[in-house]
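Accompanying notes for the structure given below.
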Amino acid sequence: MTTVAMTVNGKAVSVDSEDRALLVEVLREKLNLTGTHVGCDTSQCGACVVLVDGVAVKSCTMLAAQADGSTVETIESLAKNGELHPMQVAFNENHGLQCGFCTPGMIMTAVDMVRRRGKTLDDTTIRHELEGNICRCTGYVNIVKAIKAGATRM
């Protein structure tokens with residue numbers, strides 16, 4: 001067992017976990033933050049994307065012990081005081097979600113994308129940045145539209 005100390009969604013936490021435990025498992029099972037989804041277990045789908053020290057990471061491929069001392073942001077961290085984050089609002093308004101399973105990972109990837117690339121994003125850039133995120137319901141048109149709208153609001 002390893003004790004992992006990190007800041008998750010603005011709160012200091014300390015969690016005992018197996019050395020082989022993945023970050024996604026600790027978030028979901030130990031911290032009860034179930035907005036981060038497990039979609040494939042092979043780093044293919046992106047449903048588990050969280051921000052670690054401000055960078056988008058597929059939490060199904062990162063050991064929890066690797067996050068020791070880090071700051072982790074999950075989808076639950078975005079809404080503040082009952083107000084959705086601008087990217088969450090944009091996904092809702094632009095129908096950038098259907099079943100919603102991939103949505104947390106898409107939104108966290110989009111937030112990282114805007115932080116790195118700025119508010120002016122073209123379709124080609126957005127589609128390239130989303131290559132590690134799979135949505136099985138849509139053709140990505142509304143997701144791209146939502147990210148563009150959310151980027152201008154951030």
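Note on naming: chains are A, B, ... as they come in the structure tokens, residues start from 1 per chain, ligands start from 1 in the order shown.
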Quick one: everything within 10 Å of Ala90 of chain A, counting only C-alpha atoms, minus sequence neighbours fewer than 3 positions away in the same chain. Send it as an MDAnalysis selection string.
-> chainID A and resid 84:87 93:96 107 142:143 145:153
Output N, CA, C and O atoms of each residue in that selection to a file, as an mmCIF file, in the first residue's frame.
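again16.cif, freshly written:
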data_model
loop_
_atom_site.group_PDB
_atom_site.id
_atom_site.type_symbol
_atom_site.label_atom_id
_atom_site.label_comp_id
_atom_site.auth_asym_id
_atom_site.auth_seq_id
_atom_site.Cartn_x
_atom_site.Cartn_y
_atom_site.Cartn_z
ATOM 1 N N LEU A 84 -22.570 26.431 -14.010
ATOM 2 C CA LEU A 84 -21.761 25.588 -14.875
ATOM 3 C C LEU A 84 -20.600 26.383 -15.469
ATOM 4 O O LEU A 84 -20.702 27.591 -15.701
ATOM 5 N N HIS A 85 -19.518 25.685 -15.741
ATOM 6 C CA HIS A 85 -18.355 26.256 -16.418
ATOM 7 C C HIS A 85 -18.790 26.636 -17.843
ATOM 8 O O HIS A 85 -19.655 25.973 -18.428
ATOM 9 N N PRO A 86 -18.203 27.670 -18.426
ATOM 10 C CA PRO A 86 -18.574 28.059 -19.795
ATOM 11 C C PRO A 86 -18.505 26.927 -20.815
ATOM 12 O O PRO A 86 -19.338 26.859 -21.722
ATOM 13 N N MET A 87 -17.561 26.012 -20.657
ATOM 14 C CA MET A 87 -17.471 24.895 -21.603
ATOM 15 C C MET A 87 -18.632 23.931 -21.387
ATOM 16 O O MET A 87 -19.184 23.393 -22.355
ATOM 17 N N GLU A 93 -25.737 23.843 -24.727
ATOM 18 C CA GLU A 93 -26.425 24.690 -25.702
ATOM 19 C C GLU A 93 -26.221 24.244 -27.149
ATOM 20 O O GLU A 93 -27.080 24.473 -27.991
ATOM 21 N N ASN A 94 -25.087 23.644 -27.436
ATOM 22 C CA ASN A 94 -24.760 23.254 -28.815
ATOM 23 C C ASN A 94 -24.962 21.767 -29.070
ATOM 24 O O ASN A 94 -24.490 21.249 -30.078
ATOM 25 N N HIS A 95 -25.627 21.100 -28.148
ATOM 26 C CA HIS A 95 -25.919 19.666 -28.295
ATOM 27 C C HIS A 95 -24.644 18.865 -28.551
ATOM 28 O O HIS A 95 -24.603 17.978 -29.393
ATOM 29 N N GLY A 96 -23.590 19.192 -27.781
ATOM 30 C CA GLY A 96 -22.308 18.519 -27.912
ATOM 31 C C GLY A 96 -22.243 17.221 -27.126
ATOM 32 O O GLY A 96 -21.161 16.698 -26.902
ATOM 33 N N ILE A 107 -14.969 17.479 -22.275
ATOM 34 C CA ILE A 107 -14.943 18.819 -21.680
ATOM 35 C C ILE A 107 -13.590 19.106 -21.047
ATOM 36 O O ILE A 107 -13.032 20.188 -21.230
ATOM 37 N N ASN A 142 -21.249 18.700 -33.588
ATOM 38 C CA ASN A 142 -21.727 19.518 -32.470
ATOM 39 C C ASN A 142 -20.701 19.625 -31.350
ATOM 40 O O ASN A 142 -20.678 20.624 -30.632
ATOM 41 N N ILE A 143 -19.842 18.635 -31.209
ATOM 42 C CA ILE A 143 -18.776 18.723 -30.211
ATOM 43 C C ILE A 143 -17.803 19.828 -30.604
ATOM 44 O O ILE A 143 -17.415 20.650 -29.781
ATOM 45 N N LYS A 145 -18.440 22.368 -32.541
ATOM 46 C CA LYS A 145 -19.183 23.620 -32.390
ATOM 47 C C LYS A 145 -19.226 24.048 -30.916
ATOM 48 O O LYS A 145 -19.034 25.228 -30.583
ATOM 49 N N ALA A 146 -19.442 23.102 -30.021
ATOM 50 C CA ALA A 146 -19.508 23.393 -28.590
ATOM 51 C C ALA A 146 -18.155 23.882 -28.076
ATOM 52 O O ALA A 146 -18.101 24.827 -27.279
ATOM 53 N N ILE A 147 -17.084 23.259 -28.505
ATOM 54 C CA ILE A 147 -15.747 23.670 -28.046
ATOM 55 C C ILE A 147 -15.430 25.074 -28.534
ATOM 56 O O ILE A 147 -14.891 25.893 -27.778
ATOM 57 N N LYS A 148 -15.772 25.380 -29.774
ATOM 58 C CA LYS A 148 -15.560 26.741 -30.285
ATOM 59 C C LYS A 148 -16.340 27.767 -29.462
ATOM 60 O O LYS A 148 -15.827 28.816 -29.075
ATOM 61 N N ALA A 149 -17.597 27.448 -29.158
ATOM 62 C CA ALA A 149 -18.436 28.356 -28.378
ATOM 63 C C ALA A 149 -17.908 28.484 -26.952
ATOM 64 O O ALA A 149 -17.859 29.589 -26.393
ATOM 65 N N GLY A 150 -17.525 27.366 -26.354
ATOM 66 C CA GLY A 150 -17.005 27.391 -24.993
ATOM 67 C C GLY A 150 -15.691 28.150 -24.905
ATOM 68 O O GLY A 150 -15.442 28.885 -23.933
ATOM 69 N N ALA A 151 -14.861 28.002 -25.919
ATOM 70 C CA ALA A 151 -13.568 28.694 -25.935
ATOM 71 C C ALA A 151 -13.738 30.205 -25.918
ATOM 72 O O ALA A 151 -13.020 30.912 -25.199
ATOM 73 N N THR A 152 -14.703 30.711 -26.672
ATOM 74 C CA THR A 152 -14.907 32.161 -26.705
ATOM 75 C C THR A 152 -15.432 32.696 -25.376
ATOM 76 O O THR A 152 -15.225 33.857 -25.058
ATOM 77 N N ARG A 153 -16.080 31.830 -24.589
ATOM 78 C CA ARG A 153 -16.641 32.241 -23.292
ATOM 79 C C ARG A 153 -15.639 32.139 -22.138
ATOM 80 O O ARG A 153 -15.858 32.716 -21.086
#
Determine the nearest neighbour of Asn9 of chain A from the options A:Ala47, A:Cys60, A:Val52, A:Cys137, counting only C-alpha atoms.
->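 Answer, going by the shortest atom-to-atom distance: A:Val52.
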Out of segment 20-154 of chain A, which residues get strand (DSSP E) from DSSP, as a ChimeraX atom specification?
-> /A:49-52,55-58,71-73
Dump as a JSON list (two decimals), in the first residue's frame, selection limited to N, CA and C atoms:
[["chain", "number", "residue", "atom", "x", "y", "z"],
["A", 49, "VAL", "N", -10.34, 11.49, -18.97],
["A", 49, "VAL", "CA", -9.42, 12.62, -18.94],
["A", 49, "VAL", "C", -9.70, 13.53, -17.74],
["A", 50, "VAL", "N", -8.62, 13.83, -17.03],
["A", 50, "VAL", "CA", -8.63, 14.80, -15.93],
["A", 50, "VAL", "C", -7.43, 15.72, -16.17],
["A", 51, "LEU", "N", -7.37, 16.79, -15.42],
["A", 51, "LEU", "CA", -6.20, 17.67, -15.50],
["A", 51, "LEU", "C", -5.30, 17.38, -14.31],
["A", 52, "VAL", "N", -4.05, 17.07, -14.59],
["A", 52, "VAL", "CA", -3.04, 16.86, -13.54],
["A", 52, "VAL", "C", -2.02, 17.96, -13.71],
["A", 55, "VAL", "N", -2.58, 19.87, -16.89],
["A", 55, "VAL", "CA", -2.41, 19.22, -18.19],
["A", 55, "VAL", "C", -3.38, 18.05, -18.30],
["A", 56, "ALA", "N", -4.04, 17.91, -19.46],
["A", 56, "ALA", "CA", -4.96, 16.80, -19.68],
["A", 56, "ALA", "C", -4.20, 15.48, -19.67],
["A", 57, "VAL", "N", -4.73, 14.54, -18.87],
["A", 57, "VAL", "CA", -4.12, 13.22, -18.72],
["A", 57, "VAL", "C", -5.22, 12.17, -18.73],
["A", 58, "LYS", "N", -4.96, 11.07, -19.41],
["A", 58, "LYS", "CA", -5.90, 9.94, -19.35],
["A", 58, "LYS", "C", -5.62, 9.21, -18.04],
["A", 71, "THR", "N", -1.71, 18.39, -8.32],
["A", 71, "THR", "CA", -3.04, 18.97, -8.28],
["A", 71, "THR", "C", -3.85, 18.31, -9.38],
["A", 72, "VAL", "N", -4.98, 17.73, -9.01],
["A", 72, "VAL", "CA", -5.84, 17.03, -9.95],
["A", 72, "VAL", "C", -7.18, 17.73, -10.02],
["A", 73, "GLU", "N", -7.65, 17.99, -11.24],
["A", 73, "GLU", "CA", -8.97, 18.58, -11.44],
["A", 73, "GLU", "C", -9.81, 17.59, -12.23]]
At what distance in Å, to one decimal, does atom CA of Gly105 of chain A lie from atom CA of Asn133 of chain A?
->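 Pair atom CA of Asn133 of chain A / atom CA of Gly105 of chain A returns 7.3 Å.
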Got a sec: who's within 7 Å of Ser43 of chain A, counting only C-alpha atoms, leaving out chain neighbours fewer than 2 positions off, as JSON, numbers by chain?
-> {"A": [40, 41, 45, 46, 58, 60, 61]}
For the residues selected in the previous step, produce a file with C-alpha atoms as a JSON list (two decimals), in the first residue's frame.
[["chain", "number", "residue", "atom", "x", "y", "z"],
["A", 40, "CYS", "CA", -11.93, 1.30, -22.43],
["A", 41, "ASP", "CA", -9.08, 0.61, -19.98],
["A", 45, "CYS", "CA", -11.36, 6.59, -25.62],
["A", 46, "GLY", "CA", -10.50, 9.59, -23.42],
["A", 58, "LYS", "CA", -5.90, 9.94, -19.35],
["A", 60, "CYS", "CA", -6.67, 5.16, -16.78],
["A", 61, "THR", "CA", -3.00, 5.11, -17.79]]
Find the residues near Glu18 of chain A: any atom within 9 Å, counting only C-alpha atoms, skip ones fewer than 4 places away on the same chain, and give them as a count of residues only.
-> 6
What does the distance between atom CA of Met106 of chain A and atom CA of Gly82 of chain A come to in Å, to one decimal place?
->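 Rounded to one decimal, the two atoms are 20.8 Å apart.
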All residues 10 Å or closer to Lys30 of chain A, only C-alpha atoms, same chain fewer than 6 positions away omitted, as JSON, numbers by chain = {"A": [15, 16, 17, 24]}
Atomic distance atom CA of Gln88 of chain A - atom CA of Ala5 of chain A, expressed in Å with one decimal |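 Separating atom CA of Gln88 of chain A from atom CA of Ala5 of chain A is a distance of 28.5 Å.
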